[in-house]
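The file start_39.cif comes next; it holds mmCIF, C-alpha atoms.
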```cif
data_start
loop_
_atom_site.label_atom_id
_atom_site.label_comp_id
_atom_site.auth_asym_id
_atom_site.auth_seq_id
_atom_site.Cartn_x
_atom_site.Cartn_y
_atom_site.Cartn_z
CA ILE A 34 -7.83 16.66 23.37
CA ASN A 35 -8.15 20.44 22.97
CA ALA A 36 -5.69 20.44 20.08
CA GLU A 37 -7.57 17.61 18.39
CA TYR A 38 -10.91 19.40 18.93
CA MET A 39 -9.51 22.60 17.41
CA GLY A 40 -8.27 20.62 14.44
CA ILE A 41 -11.70 19.01 13.94
CA ASN A 42 -13.45 22.36 14.33
CA LYS A 43 -11.22 23.95 11.69
CA PHE A 44 -11.76 20.90 9.53
CA MET A 45 -15.55 21.26 9.75
CA VAL A 46 -15.29 24.87 8.63
CA GLU A 47 -13.17 23.80 5.66
CA SER A 48 -15.65 21.06 4.76
CA LYS A 49 -18.46 23.62 4.38
CA LYS A 50 -16.67 25.38 1.54
CA GLU A 51 -17.60 24.60 -2.03
CA ASP A 52 -16.45 21.15 -3.03
CA THR A 53 -13.94 22.39 -5.59
CA VAL A 54 -10.73 21.51 -3.78
CA GLN A 55 -8.61 18.39 -4.01
CA GLU A 56 -8.59 15.62 -1.44
CA ALA A 57 -5.34 17.14 -0.22
CA ASP A 58 -7.52 19.38 1.96
CA ILE A 59 -8.04 16.37 4.17
CA ILE A 60 -4.75 17.14 5.94
CA LYS A 61 -4.89 20.94 6.25
CA PRO A 62 -4.94 20.83 10.08
CA LEU A 63 -1.65 18.92 9.98
CA LYS A 64 -0.09 21.58 7.73
CA VAL A 65 1.87 19.01 5.74
CA PRO A 66 1.78 18.32 2.00
CA PHE A 67 -0.30 15.48 0.64
CA PRO A 68 1.56 13.56 -2.10
CA THR A 69 -1.14 13.58 -4.75
CA SER A 70 1.27 14.63 -7.50
CA GLU A 71 4.59 13.33 -6.20
CA LYS A 72 6.68 11.58 -8.83
CA PRO A 73 7.17 7.82 -8.43
CA VAL A 74 10.53 6.63 -7.14
CA PRO A 75 12.91 5.69 -9.97
CA VAL A 76 13.02 1.89 -9.69
CA THR A 77 13.58 -0.71 -12.38
CA LEU A 78 13.44 -4.48 -12.34
CA GLU A 79 17.21 -4.66 -12.70
CA PHE A 80 17.66 -2.25 -9.78
CA LEU A 81 15.44 -4.33 -7.48
CA LYS A 82 17.30 -7.52 -8.35
CA GLU A 83 20.63 -5.80 -7.70
CA GLN A 84 19.39 -4.57 -4.30
CA ILE A 85 18.32 -8.07 -3.33
CA VAL A 86 21.80 -9.40 -4.05
CA LYS A 87 23.45 -6.44 -2.33
CA HIS A 88 21.37 -6.78 0.84
CA SER A 89 20.95 -10.55 0.86
CA ASP A 90 22.21 -10.82 4.45
CA ILE A 91 19.63 -8.52 6.03
CA LEU A 92 16.84 -9.76 3.75
CA LYS A 93 17.10 -13.15 5.43
CA SER A 94 15.30 -11.58 8.39
CA VAL A 95 12.13 -11.35 6.27
CA ASP A 96 11.51 -14.98 7.27
CA SER A 97 11.84 -14.16 10.99
CA SER A 98 9.59 -12.79 13.70
CA LEU A 99 12.57 -10.61 14.64
CA PHE A 100 12.41 -8.59 11.39
CA ASN A 101 13.63 -5.05 12.12
CA VAL A 102 12.16 -2.56 9.66
CA PHE A 103 14.25 0.31 11.08
CA GLU A 104 17.51 -1.51 10.45
CA CYS A 105 16.37 -2.47 6.96
CA GLU A 106 15.60 1.16 6.14
CA LYS A 107 19.09 2.21 7.27
CA ARG A 108 20.64 -0.35 4.93
CA ILE A 109 18.36 -0.12 1.90
CA GLY A 110 17.37 3.57 2.10
CA LYS A 111 14.02 5.26 2.67
CA PRO A 112 12.82 5.61 -0.95
CA PHE A 113 13.58 1.98 -1.80
CA LEU A 114 12.67 0.09 1.38
CA LEU A 115 9.09 -0.75 0.38
CA PRO A 116 9.86 -1.57 -3.30
CA VAL A 117 12.78 -3.87 -2.41
CA ILE A 118 11.09 -5.71 0.47
CA SER A 119 7.77 -6.16 -1.33
CA TYR A 120 9.45 -7.37 -4.54
CA TYR A 121 11.58 -9.79 -2.52
CA ILE A 122 8.58 -11.16 -0.64
CA LEU A 123 6.48 -11.63 -3.76
CA SER A 124 9.42 -13.37 -5.42
CA LYS A 125 9.85 -15.73 -2.46
CA ASN A 126 6.17 -16.64 -2.70
CA SER A 127 6.39 -17.31 -6.48
CA ILE A 128 3.76 -14.63 -7.13
CA PHE A 129 5.40 -13.56 -10.38
CA SER A 130 4.30 -16.82 -11.94
CA LYS A 131 0.82 -15.29 -11.75
CA ILE A 132 1.40 -11.53 -11.83
CA ASP A 133 3.22 -9.63 -14.56
CA GLU A 134 6.62 -8.73 -13.08
CA PRO A 135 7.43 -5.51 -15.01
CA SER A 136 3.92 -4.20 -14.26
CA PHE A 137 4.48 -4.78 -10.56
CA VAL A 138 7.68 -2.70 -10.70
CA HIS A 139 5.75 0.25 -12.16
CA PHE A 140 2.97 -0.37 -9.65
CA ILE A 141 5.19 -0.44 -6.56
CA ALA A 142 6.88 2.80 -7.63
CA GLN A 143 3.46 4.48 -7.64
CA ILE A 144 2.50 2.92 -4.30
CA GLN A 145 5.73 4.08 -2.66
CA SER A 146 5.02 7.64 -3.76
CA GLY A 147 1.67 7.49 -1.95
CA TYR A 148 3.37 6.48 1.30
CA SER A 149 5.90 9.32 1.18
CA GLN A 150 4.03 11.97 3.16
CA PRO A 151 5.44 12.87 6.60
CA ASN A 152 2.95 10.60 8.37
CA PRO A 153 4.38 9.48 11.73
CA TYR A 154 2.82 6.00 11.59
CA HIS A 155 0.90 5.11 8.42
CA ASN A 156 3.92 5.44 6.16
CA HIS A 157 6.22 3.29 3.99
CA MET A 158 7.76 1.63 7.06
CA HIS A 159 4.36 0.56 8.34
CA ALA A 160 3.44 -0.87 4.92
CA THR A 161 6.76 -2.75 4.85
CA ASP A 162 6.15 -4.10 8.34
CA VAL A 163 2.66 -5.32 7.46
CA ILE A 164 3.62 -7.11 4.25
CA GLN A 165 6.53 -8.80 6.06
CA LEU A 166 4.25 -9.92 8.90
CA SER A 167 1.72 -11.23 6.36
CA HIS A 168 4.47 -13.22 4.64
CA TYR A 169 5.63 -14.61 8.00
CA MET A 170 2.12 -15.62 9.07
CA ILE A 171 1.37 -17.27 5.71
CA ASN A 172 4.56 -19.32 5.60
CA PHE A 173 5.69 -19.84 9.18
CA CYS A 174 2.54 -19.72 11.34
CA GLY A 175 0.44 -22.27 9.47
CA LEU A 176 -1.91 -19.75 7.89
CA LYS A 177 -1.46 -21.12 4.35
CA GLU A 178 -2.39 -24.62 5.45
CA ALA A 179 -5.20 -23.53 7.76
CA LEU A 180 -6.92 -21.52 5.03
CA GLY A 181 -5.94 -23.72 2.11
CA MET A 182 -4.31 -20.75 0.39
CA ASN A 183 -3.03 -21.02 -3.18
CA LEU A 184 -0.81 -18.61 -5.14
CA ILE A 185 -3.72 -16.37 -6.09
CA THR A 186 -5.06 -15.96 -2.56
CA ILE A 187 -1.54 -15.44 -1.24
CA ALA A 188 -1.02 -12.75 -3.89
CA GLY A 189 -4.26 -11.09 -2.82
CA MET A 190 -3.23 -11.05 0.84
CA LEU A 191 0.27 -9.73 0.15
CA ILE A 192 -0.84 -7.00 -2.24
CA GLY A 193 -3.66 -6.10 0.16
CA ALA A 194 -1.08 -5.74 2.95
CA LEU A 195 1.07 -3.61 0.66
CA VAL A 196 -1.66 -1.07 -0.16
CA HIS A 197 -3.82 -1.23 2.96
CA ASP A 198 -2.90 2.33 4.07
CA PHE A 199 -2.04 3.80 0.65
CA LYS A 200 -2.27 7.63 0.77
CA HIS A 201 -3.30 7.61 4.43
CA PRO A 202 -3.96 11.24 5.49
CA GLY A 203 -2.97 10.88 9.14
CA TYR A 204 -6.52 11.06 10.51
CA SER A 205 -8.70 8.14 11.53
CA SER A 206 -12.00 7.34 9.84
CA GLY A 207 -13.76 8.42 13.03
CA ILE A 208 -12.34 11.94 12.86
CA LEU A 209 -13.29 12.28 9.19
CA GLU A 210 -16.79 11.03 9.91
CA ASN A 211 -17.27 13.34 12.90
CA ALA A 212 -16.02 16.24 10.80
CA LEU A 213 -18.49 15.41 8.02
CA HIS A 214 -15.61 15.35 5.59
CA LYS A 215 -16.46 14.69 1.95
CA LEU A 216 -14.66 11.33 2.02
CA ALA A 217 -16.88 10.18 4.88
CA ILE A 218 -19.90 11.42 2.96
CA ARG A 219 -18.71 9.72 -0.23
CA TYR A 220 -18.43 6.36 1.52
CA ASN A 221 -21.44 6.89 3.80
CA ASN A 222 -19.32 6.44 6.94
CA GLN A 223 -18.73 2.81 5.94
CA SER A 224 -15.04 1.97 6.40
CA THR A 225 -14.18 5.41 5.08
CA LEU A 226 -10.41 5.14 4.89
CA GLU A 227 -10.40 1.47 3.90
CA ASN A 228 -12.60 2.29 0.91
CA TYR A 229 -10.41 5.29 0.12
CA HIS A 230 -7.19 3.24 0.18
CA ILE A 231 -8.51 0.54 -2.14
CA ALA A 232 -10.14 3.07 -4.49
CA GLN A 233 -6.86 4.95 -4.83
CA THR A 234 -5.08 1.65 -5.46
CA PHE A 235 -7.44 0.71 -8.26
CA LYS A 236 -6.93 4.15 -9.79
CA ILE A 237 -3.28 3.18 -10.15
CA ILE A 238 -4.01 -0.32 -11.46
CA LEU A 239 -6.60 0.76 -13.99
CA ASN A 240 -5.35 4.19 -15.10
CA GLU A 241 -1.58 4.43 -14.80
CA PRO A 242 0.50 3.17 -17.77
CA ASN A 243 2.06 -0.27 -17.26
CA CYS A 244 0.55 -0.74 -13.79
CA CYS A 245 -2.21 -3.21 -14.60
CA LEU A 246 -1.58 -6.23 -12.38
CA LEU A 247 -2.78 -9.09 -14.55
CA TYR A 248 -1.88 -12.58 -13.54
CA THR A 249 -1.22 -15.29 -16.08
CA SER A 250 -3.32 -18.40 -16.53
CA ASP A 251 -3.60 -21.40 -18.82
CA ALA A 252 -6.45 -23.58 -19.96
CA ALA A 253 -6.13 -25.86 -16.95
CA ASP A 254 -6.27 -23.00 -14.44
CA ASP A 255 -9.80 -22.38 -13.22
CA THR A 256 -8.81 -20.35 -10.16
CA PRO A 257 -11.29 -17.48 -9.70
CA CYS A 258 -10.18 -13.88 -9.95
CA VAL A 259 -8.90 -12.19 -6.81
CA ASP A 260 -11.61 -10.03 -5.28
CA LEU A 261 -10.19 -6.94 -3.58
CA GLY A 262 -12.66 -4.52 -2.06
CA GLY A 263 -15.48 -5.71 -4.32
CA ARG A 264 -13.44 -5.36 -7.52
CA ARG A 265 -11.41 -7.89 -9.40
CA ILE A 266 -8.03 -8.27 -10.99
CA ILE A 267 -8.80 -9.86 -14.33
CA LYS A 268 -6.95 -12.87 -15.68
CA LYS A 269 -4.96 -12.77 -18.86
CA LYS A 270 -6.53 -14.87 -21.59
#
```
Spit out the file's structure as structure tokens when you get a sec.
Amino acid sequence: INAEYMGINKFMVESKKEDTVQEADIIKPLKVPFPTSEKPVPVTLEFLKEQIVKHSDILKSVDSSLFNVFECEKRIGKPFLLPVISYYILSKNSIFSKIDEPSFVHFIAQIQSGYSQPNPYHNHMHATDVIQLSHYMINFCGLKEALGMNLITIAGMLIGALVHDFKHPGYSSGILENALHKLAIRYNNQSTLENYHIAQTFKIILNEPNCCLLYTSDAADDTPCVDLGGRRIIKKK
């Protein structure tokens, strides 16, 4: 408790300085780098498909409640765990009939880079665990039938699971709000980190080259756009 209080106290002092620093200051008390400029992992569509064939035995566990993310990381490797598992899960759910596949590859490389900080919990393994659990609940726990989910809503849930802690700083929203941090002020103490994660995700989707997740449609498809955090992924015309 004393250590946490000292961290908050230092954090409050930092927050009173002129607002000319980057959001990396959010983690100064942890004394670890924040990956705001880290290069994306070098993944390609061909690489992901090769990894799925190479690790087909362990990837079968994606459909099980006994999925072991630690064992998967040992086999696949830390930088590629999240890209491989997420691509595999979206493929199994036929999401690439709606979402542009090459764009997703660029997108997941950017997302992985935002989970690369030395965060003991909200890291790439946690994101992998959550998207796998979402896939399991949708397909093996009756969630798809109970909610009447279609491909678009399934895509929204899986991508939401993938990015739900993107660029997590290692502090809870409560600590940021008590410290009067500028992120808490920006979001008016309303789901501070949740708003931050989705805002950072849409920065990638809207601003990074080749990362715009547009899903395909035809004249007979009147499915509404996916609404994520009050914003929408627009259909291709």
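Nearest residue to A:Ile237 among A:Phe103, A:Phe199, A:Tyr169, A:Phe80 is A:Phe199, counting only C-alpha atoms.
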Could you name the residues that touch stretch 172-177 of chain A at 12 Å or less, counting all atoms listed in the file, but leaving out those on the same chain fewer than 5 positions away, as a PDB file with C-alpha atoms, in the coordinates of the input?
```pdb
ATOM      1  CA  VAL A  95      12.130 -11.350   6.270  1.00  0.00           C
ATOM      2  CA  ASP A  96      11.510 -14.980   7.270  1.00  0.00           C
ATOM      3  CA  SER A  97      11.840 -14.160  10.990  1.00  0.00           C
ATOM      4  CA  SER A  98       9.590 -12.790  13.700  1.00  0.00           C
ATOM      5  CA  ILE A 122       8.580 -11.160  -0.640  1.00  0.00           C
ATOM      6  CA  LYS A 125       9.850 -15.730  -2.460  1.00  0.00           C
ATOM      7  CA  ASN A 126       6.170 -16.640  -2.700  1.00  0.00           C
ATOM      8  CA  GLN A 165       6.530  -8.800   6.060  1.00  0.00           C
ATOM      9  CA  LEU A 166       4.250  -9.920   8.900  1.00  0.00           C
ATOM     10  CA  SER A 167       1.720 -11.230   6.360  1.00  0.00           C
ATOM     11  CA  MET A 182      -4.310 -20.750   0.390  1.00  0.00           C
ATOM     12  CA  ASN A 183      -3.030 -21.020  -3.180  1.00  0.00           C
ATOM     13  CA  LEU A 184      -0.810 -18.610  -5.140  1.00  0.00           C
ATOM     14  CA  ILE A 185      -3.720 -16.370  -6.090  1.00  0.00           C
ATOM     15  CA  THR A 186      -5.060 -15.960  -2.560  1.00  0.00           C
ATOM     16  CA  ILE A 187      -1.540 -15.440  -1.240  1.00  0.00           C
ATOM     17  CA  ALA A 188      -1.020 -12.750  -3.890  1.00  0.00           C
ATOM     18  CA  MET A 190      -3.230 -11.050   0.840  1.00  0.00           C
ATOM     19  CA  LEU A 191       0.270  -9.730   0.150  1.00  0.00           C
TER      20      LEU A 191
END
```
Nearby residues (all atoms listed in the file) at most 10 Å from A:Val76, same-chain spacing under 6 positions excluded, as a list in words =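 The residues that qualify are Pro112, Phe113, Pro116, Val117, Val138, His139, Ile141 and Ala142 of chain A.
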Find the distance between atom CA of A:Gln143 and atom CA of A:Gln233 and write it in Å to one decimal.
->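 Interatomic distance, atom CA of A:Gln143 to atom CA of A:Gln233: 10.7 Å.
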Residue nearest A:Lys93 - candidates A:Glu106, A:Asn228, A:Leu239, A:Ile118, atoms counted: only C-alpha atoms =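 Selected residue with least distance to A:Lys93: A:Ile118.
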What separation in Å, quoted to one decimal, exists between atom CA of A:Ile128 and atom CA of A:Val196?
->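 Interatomic distance, atom CA of A:Ile128 to atom CA of A:Val196: 16.2 Å.
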Name every residue that the PyMOL selection byres ((chain A and resi 104) around 12) selects in this structure, writing the answer as a list in words with chains first and numbers rising.
->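 Selected by the PyMOL selection byres ((chain A and resi 104) around 12) here: His88, Ile91, Leu92, Ser94, Val95, Leu99, Phe100, Asn101, Val102, Phe103, Cys105, Glu106, Lys107, Arg108, Ile109, Gly110, Lys111, Leu114, Met158 and Asp162 of chain A.
Computed from the coordinates, the atom CA of A:Cys244 to atom CA of A:His157 distance equals 19.1 Å.
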For the point (-8.4, 4.9, -4.7) in the file's frame, write as a PyMOL selection string all residues with an atom no more than 12 Å away, counting all atoms listed in the file.
-> chain A and resi 56+69+144+147+196-201+216+220+225-240+262+264
Can you write stretch 81-102 of chain A from the block above with N, CA and C atoms, as a CSV table (one decimal), in the first residue's frame?
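As a result, result_2.csv now contains:
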```
chain,number,residue,atom,x,y,z
A,81,LEU,N,1.8,-16.3,-41.6
A,81,LEU,CA,0.8,-16.8,-40.6
A,81,LEU,C,0.2,-18.1,-41.1
A,82,LYS,N,0.0,-18.3,-42.4
A,82,LYS,CA,-0.5,-19.5,-42.9
A,82,LYS,C,0.5,-20.7,-42.7
A,83,GLU,N,1.8,-20.4,-42.9
A,83,GLU,CA,2.8,-21.4,-42.6
A,83,GLU,C,2.8,-21.8,-41.1
A,84,GLN,N,2.7,-20.8,-40.2
A,84,GLN,CA,2.7,-21.1,-38.8
A,84,GLN,C,1.5,-21.9,-38.4
A,85,ILE,N,0.4,-21.7,-39.0
A,85,ILE,CA,-0.8,-22.5,-38.7
A,85,ILE,C,-0.6,-24.0,-39.1
A,86,VAL,N,0.0,-24.2,-40.3
A,86,VAL,CA,0.3,-25.6,-40.7
A,86,VAL,C,1.4,-26.2,-39.7
A,87,LYS,N,2.4,-25.4,-39.4
A,87,LYS,CA,3.5,-25.9,-38.6
A,87,LYS,C,3.0,-26.3,-37.2
A,88,HIS,N,2.1,-25.5,-36.7
A,88,HIS,CA,1.6,-25.7,-35.3
A,88,HIS,C,0.2,-26.3,-35.2
A,89,SER,N,-0.2,-27.0,-36.2
A,89,SER,CA,-1.6,-27.5,-36.3
A,89,SER,C,-2.0,-28.3,-35.1
A,90,ASP,N,-1.0,-29.1,-34.5
A,90,ASP,CA,-1.4,-29.9,-33.4
A,90,ASP,C,-1.8,-29.1,-32.2
A,91,ILE,N,-1.0,-28.1,-31.8
A,91,ILE,CA,-1.3,-27.4,-30.6
A,91,ILE,C,-2.5,-26.4,-30.9
A,92,LEU,N,-2.7,-26.0,-32.1
A,92,LEU,CA,-3.7,-25.1,-32.4
A,92,LEU,C,-5.1,-25.7,-32.2
A,93,LYS,N,-5.2,-27.0,-32.2
A,93,LYS,CA,-6.4,-27.7,-32.0
A,93,LYS,C,-7.0,-27.4,-30.6
A,94,SER,N,-6.1,-27.0,-29.7
A,94,SER,CA,-6.6,-26.7,-28.3
A,94,SER,C,-7.4,-25.4,-28.3
A,95,VAL,N,-7.4,-24.6,-29.3
A,95,VAL,CA,-8.1,-23.3,-29.4
A,95,VAL,C,-9.6,-23.6,-29.2
A,96,ASP,N,-10.1,-24.8,-29.6
A,96,ASP,CA,-11.5,-25.2,-29.5
A,96,ASP,C,-11.8,-25.9,-28.1
A,97,SER,N,-10.8,-25.8,-27.2
A,97,SER,CA,-11.0,-26.5,-25.9
A,97,SER,C,-11.0,-25.5,-24.7
A,98,SER,N,-11.6,-25.9,-23.6
A,98,SER,CA,-11.6,-25.1,-22.4
A,98,SER,C,-10.2,-25.3,-21.7
A,99,LEU,N,-9.4,-26.2,-22.2
A,99,LEU,CA,-8.1,-26.5,-21.6
A,99,LEU,C,-7.0,-25.8,-22.4
A,100,PHE,N,-7.3,-24.8,-23.2
A,100,PHE,CA,-6.3,-24.1,-23.9
A,100,PHE,C,-5.2,-23.5,-23.0
A,101,ASN,N,-4.0,-23.8,-23.3
A,101,ASN,CA,-2.8,-23.4,-22.5
A,101,ASN,C,-2.0,-22.3,-23.2
A,102,VAL,N,-2.2,-21.1,-22.8
A,102,VAL,CA,-1.5,-20.0,-23.6
A,102,VAL,C,0.0,-20.0,-23.3
```
